[in-house]
Structure formats: C-alpha cells, structure tokens
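First the structure, in the form of structure tokens, and then the observations on it.
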Amino acid sequence: MVKIGVFDSGVGGLSVANAIEKALPEADVNFVCDAAHVPYGTKSKQELLKLALPILKSLETEYKCDAVVVACNTITTTIIKDVRAELSVPVIAIEPMIKPAAALSKSGVIAVCATPATLKSERYAQLKQDYAKNVVVLEPDCSNWALLIEQNKLDKKQIKSMVNDVIAKSADVIVLGCTHYHWIEEDIRKLAKGRALIIQPEQAIIKRLIETLKQPA
Ligand code: DGL
C-alpha cells in the first residue's frame, strides 16, 4: 500500500489530507502537523526551518512515506529548497495559484489571500513576476486568519468584508493561498457567487501526486 505523508502547521493540511484520501482511497495517508506552533505565517525562515524540517524528515524516516505533500503555502514559499535537500522521497508542494488566477481573470484584477510570510517571500515575488505582470494583484490583510481558523474563531463578518472589498476593487478571481482558508472556501464562494471565482490547489496537487506515484522510484 502506498504511504503518503501530508504536512502543515495545523488544520489547513487536514483539508488537503481529506481530499487526498477521498481521491486515493487505497492509499495510506499520514497527516502530521505542528499545532503547538500555529501560526507559521508570522515566523521567520530560521524558525520555520527549526520547526518544520524535523517533522517533514520524520515522514520519511519514521512513517516511511513514499511521497510527502507539503500542504502549507508558507513552508513552500520560504524553505522548500531546504525541505527538498533534506528528503530523498518525492516532495509535492502547494503554493499560491497565481498562474491560473491570472489566466482566468477577465477584469485583470486578482486577489491573493495568504499569510504574511508567504506574501513577503522571494518565491511569491517570483510567481508574480513570472505570471502576473499584466494583472493587478490585491493582497487583502488576512494576517490573523490562520490562527483564528485553527481556533475556529474567525468571524464571518471579517470574511464578508474581505470578499466585498476585493470585488469592489474589481477582483474577479480570489486565490486561497493558505490551506487553512480551505475550511472557509464555501463561505467565500457563497459571498462571491456570480462575482468572483475562488481557486485553491487540492485537485491540482492530487493530479501531481498521482503522476509522481506512477513514476518509477
Ligand atoms: N496553512 C498554512 C499555509 O498554507 C500555514 C498557516 C499558518 O500556520 O500561518 O500557509
């Protein structure tokens, strides 16, 4: 039976692990997180290396996973090179869907909801440079959302105000650039109905995971 490791700071990764289990019912999906240290999105690169690398490594050494899914945009955009250098199994990593968002937008304005660490990372700047040169990228302040979602305390009014604000500024695609926000996807989708598309990477990651698992080791 194929063993898949899924990692995030907290409950965001659980939504990804659930989606993988649903798509690959025959796989053994091992979800691990670092709930004691949520949020990751306000931490430095050094702190993230210290916290996340040993856990990610354990998915290979202790859990004996055949592939590891980094279900955390913050880890991917800040330390993915170190993660890949440390692990010898395939690493599949989630990052903000700037490219599809820019391609889907008709208004030329997209909104990216992500953690502070993701938004200030070099990788994120590179994604914008490569794929979003011709679109306006709004970055609404979601800085405390991951923690609030982890604690199930995010106020629906805060979600509504973000959605209405970016749509008022002409955004027609909203990128969920933090896996914690997958838990409020339906709320966002309902609020934005008929006005903006909501995109998140679960299905794309599952597709990549299946392709990776097919490849000879
Ligand atoms: N769920 C993570 C992400 O995709 C991290 C959230 C956090 O701990 O700040 O970025």
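Residues in the structure tokens are named by chain (A, B, ... in the order shown) and by number from 1 within that chain; ligands are numbered from 1 in the order shown.
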
Could the residues of segment 137-189 of chain A that have an atom at most 10 Å from segment 101-117 of chain A be listed as a tab-separated table, each with its closest atom pair and the distance in Å to one decimal, counting only C-alpha atoms and ordered by chain and ascending residue number?
```
residue	atom	partner	partner_atom	distance
A:Val137	CA	A:Ile110	CA	5.1
A:Leu138	CA	A:Ala111	CA	4.4
A:Glu139	CA	A:Val112	CA	5.2
A:Pro140	CA	A:Cys113	CA	6.2
A:Asp141	CA	A:Cys113	CA	7.6
A:Cys142	CA	A:Cys113	CA	6.4
A:Ser143	CA	A:Thr115	CA	5.6
A:Asn144	CA	A:Thr115	CA	8.1
A:Trp145	CA	A:Thr115	CA	8.2
A:Ala146	CA	A:Thr115	CA	7.7
A:Met162	CA	A:Cys113	CA	9.4
A:Val163	CA	A:Ala111	CA	9.3
A:Val166	CA	A:Ala111	CA	6.6
A:Ile167	CA	A:Ala111	CA	8.7
A:Lys169	CA	A:Val109	CA	7.9
A:Ser170	CA	A:Val109	CA	6.0
A:Ala171	CA	A:Val109	CA	4.5
A:Asp172	CA	A:Ser105	CA	6.0
A:Val173	CA	A:Ile110	CA	5.0
A:Ile174	CA	A:Ala111	CA	4.8
A:Val175	CA	A:Val112	CA	4.8
A:Leu176	CA	A:Cys113	CA	5.4
A:Gly177	CA	A:Ala114	CA	4.5
A:Cys178	CA	A:Ala114	CA	5.1
A:Thr179	CA	A:Ala114	CA	8.8
A:His180	CA	A:Ala114	CA	9.5
A:Tyr181	CA	A:Cys113	CA	8.3
```

May I have the residues from that selection written out with C-alpha atoms, as an mmCIF file, in the first residue's frame?
```
data_model
loop_
_atom_site.group_PDB
_atom_site.id
_atom_site.type_symbol
_atom_site.label_atom_id
_atom_site.label_comp_id
_atom_site.auth_asym_id
_atom_site.auth_seq_id
_atom_site.Cartn_x
_atom_site.Cartn_y
_atom_site.Cartn_z
ATOM 1 C CA VAL A 137 -2.679 41.598 -7.552
ATOM 2 C CA LEU A 138 -4.600 42.587 -4.415
ATOM 3 C CA GLU A 139 -3.332 41.182 -1.131
ATOM 4 C CA PRO A 140 -6.053 41.660 1.490
ATOM 5 C CA ASP A 141 -4.951 41.558 5.116
ATOM 6 C CA CYS A 142 -5.606 38.007 6.292
ATOM 7 C CA SER A 143 -2.672 38.031 8.703
ATOM 8 C CA ASN A 144 -4.532 36.595 11.707
ATOM 9 C CA TRP A 145 -6.857 34.253 9.793
ATOM 10 C CA ALA A 146 -4.828 31.025 10.084
ATOM 11 C CA MET A 162 -12.642 40.957 2.623
ATOM 12 C CA VAL A 163 -14.735 39.458 -0.189
ATOM 13 C CA VAL A 166 -11.667 42.936 -3.221
ATOM 14 C CA ILE A 167 -14.696 42.612 -5.508
ATOM 15 C CA LYS A 169 -11.752 46.799 -6.384
ATOM 16 C CA SER A 170 -12.657 44.670 -9.466
ATOM 17 C CA ALA A 171 -11.099 41.349 -8.474
ATOM 18 C CA ASP A 172 -12.822 38.505 -10.317
ATOM 19 C CA VAL A 173 -10.588 35.666 -9.055
ATOM 20 C CA ILE A 174 -9.766 35.044 -5.398
ATOM 21 C CA VAL A 175 -6.819 32.720 -4.668
ATOM 22 C CA LEU A 176 -6.835 30.784 -1.405
ATOM 23 C CA GLY A 177 -3.091 30.944 -0.797
ATOM 24 C CA CYS A 178 -3.147 29.347 2.654
ATOM 25 C CA THR A 179 -4.579 25.890 3.229
ATOM 26 C CA HIS A 180 -6.298 26.982 6.434
ATOM 27 C CA TYR A 181 -8.639 29.060 4.255
#
```

Listing only residues of chain A within 10 Å of ligand 1, what is the closest atom pair and its distance in Å (to one decimal) for each, using only C-alpha atoms and all ligand atoms, sorted by chain and residue number ascending, as JSON lines?
```
{"residue": "A:Phe7", "atom": "CA", "partner": "ligand 1", "partner_atom_place_in_ligand_line": "1 (N)", "distance": 9.3}
{"residue": "A:Asp8", "atom": "CA", "partner": "ligand 1", "partner_atom_place_in_ligand_line": "1 (N)", "distance": 5.8}
{"residue": "A:Ser9", "atom": "CA", "partner": "ligand 1", "partner_atom_place_in_ligand_line": "8 (O)", "distance": 4.8}
{"residue": "A:Gly10", "atom": "CA", "partner": "ligand 1", "partner_atom_place_in_ligand_line": "8 (O)", "distance": 6.3}
{"residue": "A:Val11", "atom": "CA", "partner": "ligand 1", "partner_atom_place_in_ligand_line": "1 (N)", "distance": 7.2}
{"residue": "A:Gly12", "atom": "CA", "partner": "ligand 1", "partner_atom_place_in_ligand_line": "1 (N)", "distance": 4.6}
{"residue": "A:Gly13", "atom": "CA", "partner": "ligand 1", "partner_atom_place_in_ligand_line": "1 (N)", "distance": 6.4}
{"residue": "A:Leu14", "atom": "CA", "partner": "ligand 1", "partner_atom_place_in_ligand_line": "1 (N)", "distance": 9.4}
{"residue": "A:Ser15", "atom": "CA", "partner": "ligand 1", "partner_atom_place_in_ligand_line": "1 (N)", "distance": 9.8}
{"residue": "A:Val16", "atom": "CA", "partner": "ligand 1", "partner_atom_place_in_ligand_line": "1 (N)", "distance": 9.9}
{"residue": "A:Cys33", "atom": "CA", "partner": "ligand 1", "partner_atom_place_in_ligand_line": "8 (O)", "distance": 9.7}
{"residue": "A:Asp34", "atom": "CA", "partner": "ligand 1", "partner_atom_place_in_ligand_line": "8 (O)", "distance": 8.7}
{"residue": "A:Ala35", "atom": "CA", "partner": "ligand 1", "partner_atom_place_in_ligand_line": "8 (O)", "distance": 8.3}
{"residue": "A:His37", "atom": "CA", "partner": "ligand 1", "partner_atom_place_in_ligand_line": "8 (O)", "distance": 7.6}
{"residue": "A:Val38", "atom": "CA", "partner": "ligand 1", "partner_atom_place_in_ligand_line": "8 (O)", "distance": 4.5}
{"residue": "A:Pro39", "atom": "CA", "partner": "ligand 1", "partner_atom_place_in_ligand_line": "8 (O)", "distance": 3.4}
{"residue": "A:Tyr40", "atom": "CA", "partner": "ligand 1", "partner_atom_place_in_ligand_line": "8 (O)", "distance": 3.7}
{"residue": "A:Gly41", "atom": "CA", "partner": "ligand 1", "partner_atom_place_in_ligand_line": "9 (O)", "distance": 3.4}
{"residue": "A:Thr42", "atom": "CA", "partner": "ligand 1", "partner_atom_place_in_ligand_line": "9 (O)", "distance": 6.4}
{"residue": "A:Lys43", "atom": "CA", "partner": "ligand 1", "partner_atom_place_in_ligand_line": "9 (O)", "distance": 8.2}
{"residue": "A:Val70", "atom": "CA", "partner": "ligand 1", "partner_atom_place_in_ligand_line": "4 (O)", "distance": 8.8}
{"residue": "A:Ala71", "atom": "CA", "partner": "ligand 1", "partner_atom_place_in_ligand_line": "4 (O)", "distance": 6.2}
{"residue": "A:Cys72", "atom": "CA", "partner": "ligand 1", "partner_atom_place_in_ligand_line": "4 (O)", "distance": 3.5}
{"residue": "A:Asn73", "atom": "CA", "partner": "ligand 1", "partner_atom_place_in_ligand_line": "4 (O)", "distance": 3.8}
{"residue": "A:Thr74", "atom": "CA", "partner": "ligand 1", "partner_atom_place_in_ligand_line": "10 (O)", "distance": 3.9}
{"residue": "A:Ile75", "atom": "CA", "partner": "ligand 1", "partner_atom_place_in_ligand_line": "10 (O)", "distance": 6.8}
{"residue": "A:Thr76", "atom": "CA", "partner": "ligand 1", "partner_atom_place_in_ligand_line": "10 (O)", "distance": 8.2}
{"residue": "A:Thr77", "atom": "CA", "partner": "ligand 1", "partner_atom_place_in_ligand_line": "10 (O)", "distance": 8.7}
{"residue": "A:Ile94", "atom": "CA", "partner": "ligand 1", "partner_atom_place_in_ligand_line": "4 (O)", "distance": 7.6}
{"residue": "A:Glu95", "atom": "CA", "partner": "ligand 1", "partner_atom_place_in_ligand_line": "4 (O)", "distance": 7.8}
{"residue": "A:Pro96", "atom": "CA", "partner": "ligand 1", "partner_atom_place_in_ligand_line": "4 (O)", "distance": 8.7}
{"residue": "A:Cys113", "atom": "CA", "partner": "ligand 1", "partner_atom_place_in_ligand_line": "10 (O)", "distance": 9.7}
{"residue": "A:Ala114", "atom": "CA", "partner": "ligand 1", "partner_atom_place_in_ligand_line": "10 (O)", "distance": 6.5}
{"residue": "A:Thr115", "atom": "CA", "partner": "ligand 1", "partner_atom_place_in_ligand_line": "9 (O)", "distance": 5.8}
{"residue": "A:Pro116", "atom": "CA", "partner": "ligand 1", "partner_atom_place_in_ligand_line": "9 (O)", "distance": 8.1}
{"residue": "A:Ala117", "atom": "CA", "partner": "ligand 1", "partner_atom_place_in_ligand_line": "9 (O)", "distance": 8.0}
{"residue": "A:Thr118", "atom": "CA", "partner": "ligand 1", "partner_atom_place_in_ligand_line": "10 (O)", "distance": 6.8}
{"residue": "A:Leu119", "atom": "CA", "partner": "ligand 1", "partner_atom_place_in_ligand_line": "10 (O)", "distance": 9.9}
{"residue": "A:Cys142", "atom": "CA", "partner": "ligand 1", "partner_atom_place_in_ligand_line": "9 (O)", "distance": 9.9}
{"residue": "A:Ser143", "atom": "CA", "partner": "ligand 1", "partner_atom_place_in_ligand_line": "9 (O)", "distance": 8.0}
{"residue": "A:Asn144", "atom": "CA", "partner": "ligand 1", "partner_atom_place_in_ligand_line": "9 (O)", "distance": 8.0}
{"residue": "A:Trp145", "atom": "CA", "partner": "ligand 1", "partner_atom_place_in_ligand_line": "9 (O)", "distance": 8.0}
{"residue": "A:Ala146", "atom": "CA", "partner": "ligand 1", "partner_atom_place_in_ligand_line": "6 (C)", "distance": 5.0}
{"residue": "A:Leu147", "atom": "CA", "partner": "ligand 1", "partner_atom_place_in_ligand_line": "9 (O)", "distance": 6.7}
{"residue": "A:Leu148", "atom": "CA", "partner": "ligand 1", "partner_atom_place_in_ligand_line": "9 (O)", "distance": 9.9}
{"residue": "A:Ile149", "atom": "CA", "partner": "ligand 1", "partner_atom_place_in_ligand_line": "6 (C)", "distance": 9.4}
{"residue": "A:Glu150", "atom": "CA", "partner": "ligand 1", "partner_atom_place_in_ligand_line": "8 (O)", "distance": 8.4}
{"residue": "A:Leu176", "atom": "CA", "partner": "ligand 1", "partner_atom_place_in_ligand_line": "4 (O)", "distance": 8.6}
{"residue": "A:Gly177", "atom": "CA", "partner": "ligand 1", "partner_atom_place_in_ligand_line": "4 (O)", "distance": 6.3}
{"residue": "A:Cys178", "atom": "CA", "partner": "ligand 1", "partner_atom_place_in_ligand_line": "4 (O)", "distance": 3.3}
{"residue": "A:Thr179", "atom": "CA", "partner": "ligand 1", "partner_atom_place_in_ligand_line": "4 (O)", "distance": 4.0}
{"residue": "A:His180", "atom": "CA", "partner": "ligand 1", "partner_atom_place_in_ligand_line": "1 (N)", "distance": 4.6}
{"residue": "A:Tyr181", "atom": "CA", "partner": "ligand 1", "partner_atom_place_in_ligand_line": "1 (N)", "distance": 7.6}
{"residue": "A:His182", "atom": "CA", "partner": "ligand 1", "partner_atom_place_in_ligand_line": "1 (N)", "distance": 9.0}
```

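Interatomic distance, atom CA of Gln200 of chain A against atom CA of Asp66 of chain A: 24.4 Å.
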
Checklist entry - Pick the closest to Ala196 of chain A from A:Val83, A:Ala93, A:Leu59, A:Ala168: which is it, counting only C-alpha atoms? => result A:Ala168

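DSSP annotation of segment 102-202 of chain A from backbone atoms: strand (DSSP E) residues are Val109, Ile110, Ala111, Val112, Cys113, Val136, Val137, Leu138, Val173, Ile174, Val175, Leu176, Leu197, Ile198 and Ile199 of chain A.
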
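Nearest residue to Gln215 of chain A among A:Ile20, A:Val135, A:Ala67, A:Pro54 is A:Ala67, counting only C-alpha atoms.
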
Checklist outcome for this item: Leu87 of chain A proximity check over A:Asp130, A:Glu21, A:Glu60, A:Glu185, using only C-alpha atoms: winner is A:Glu60
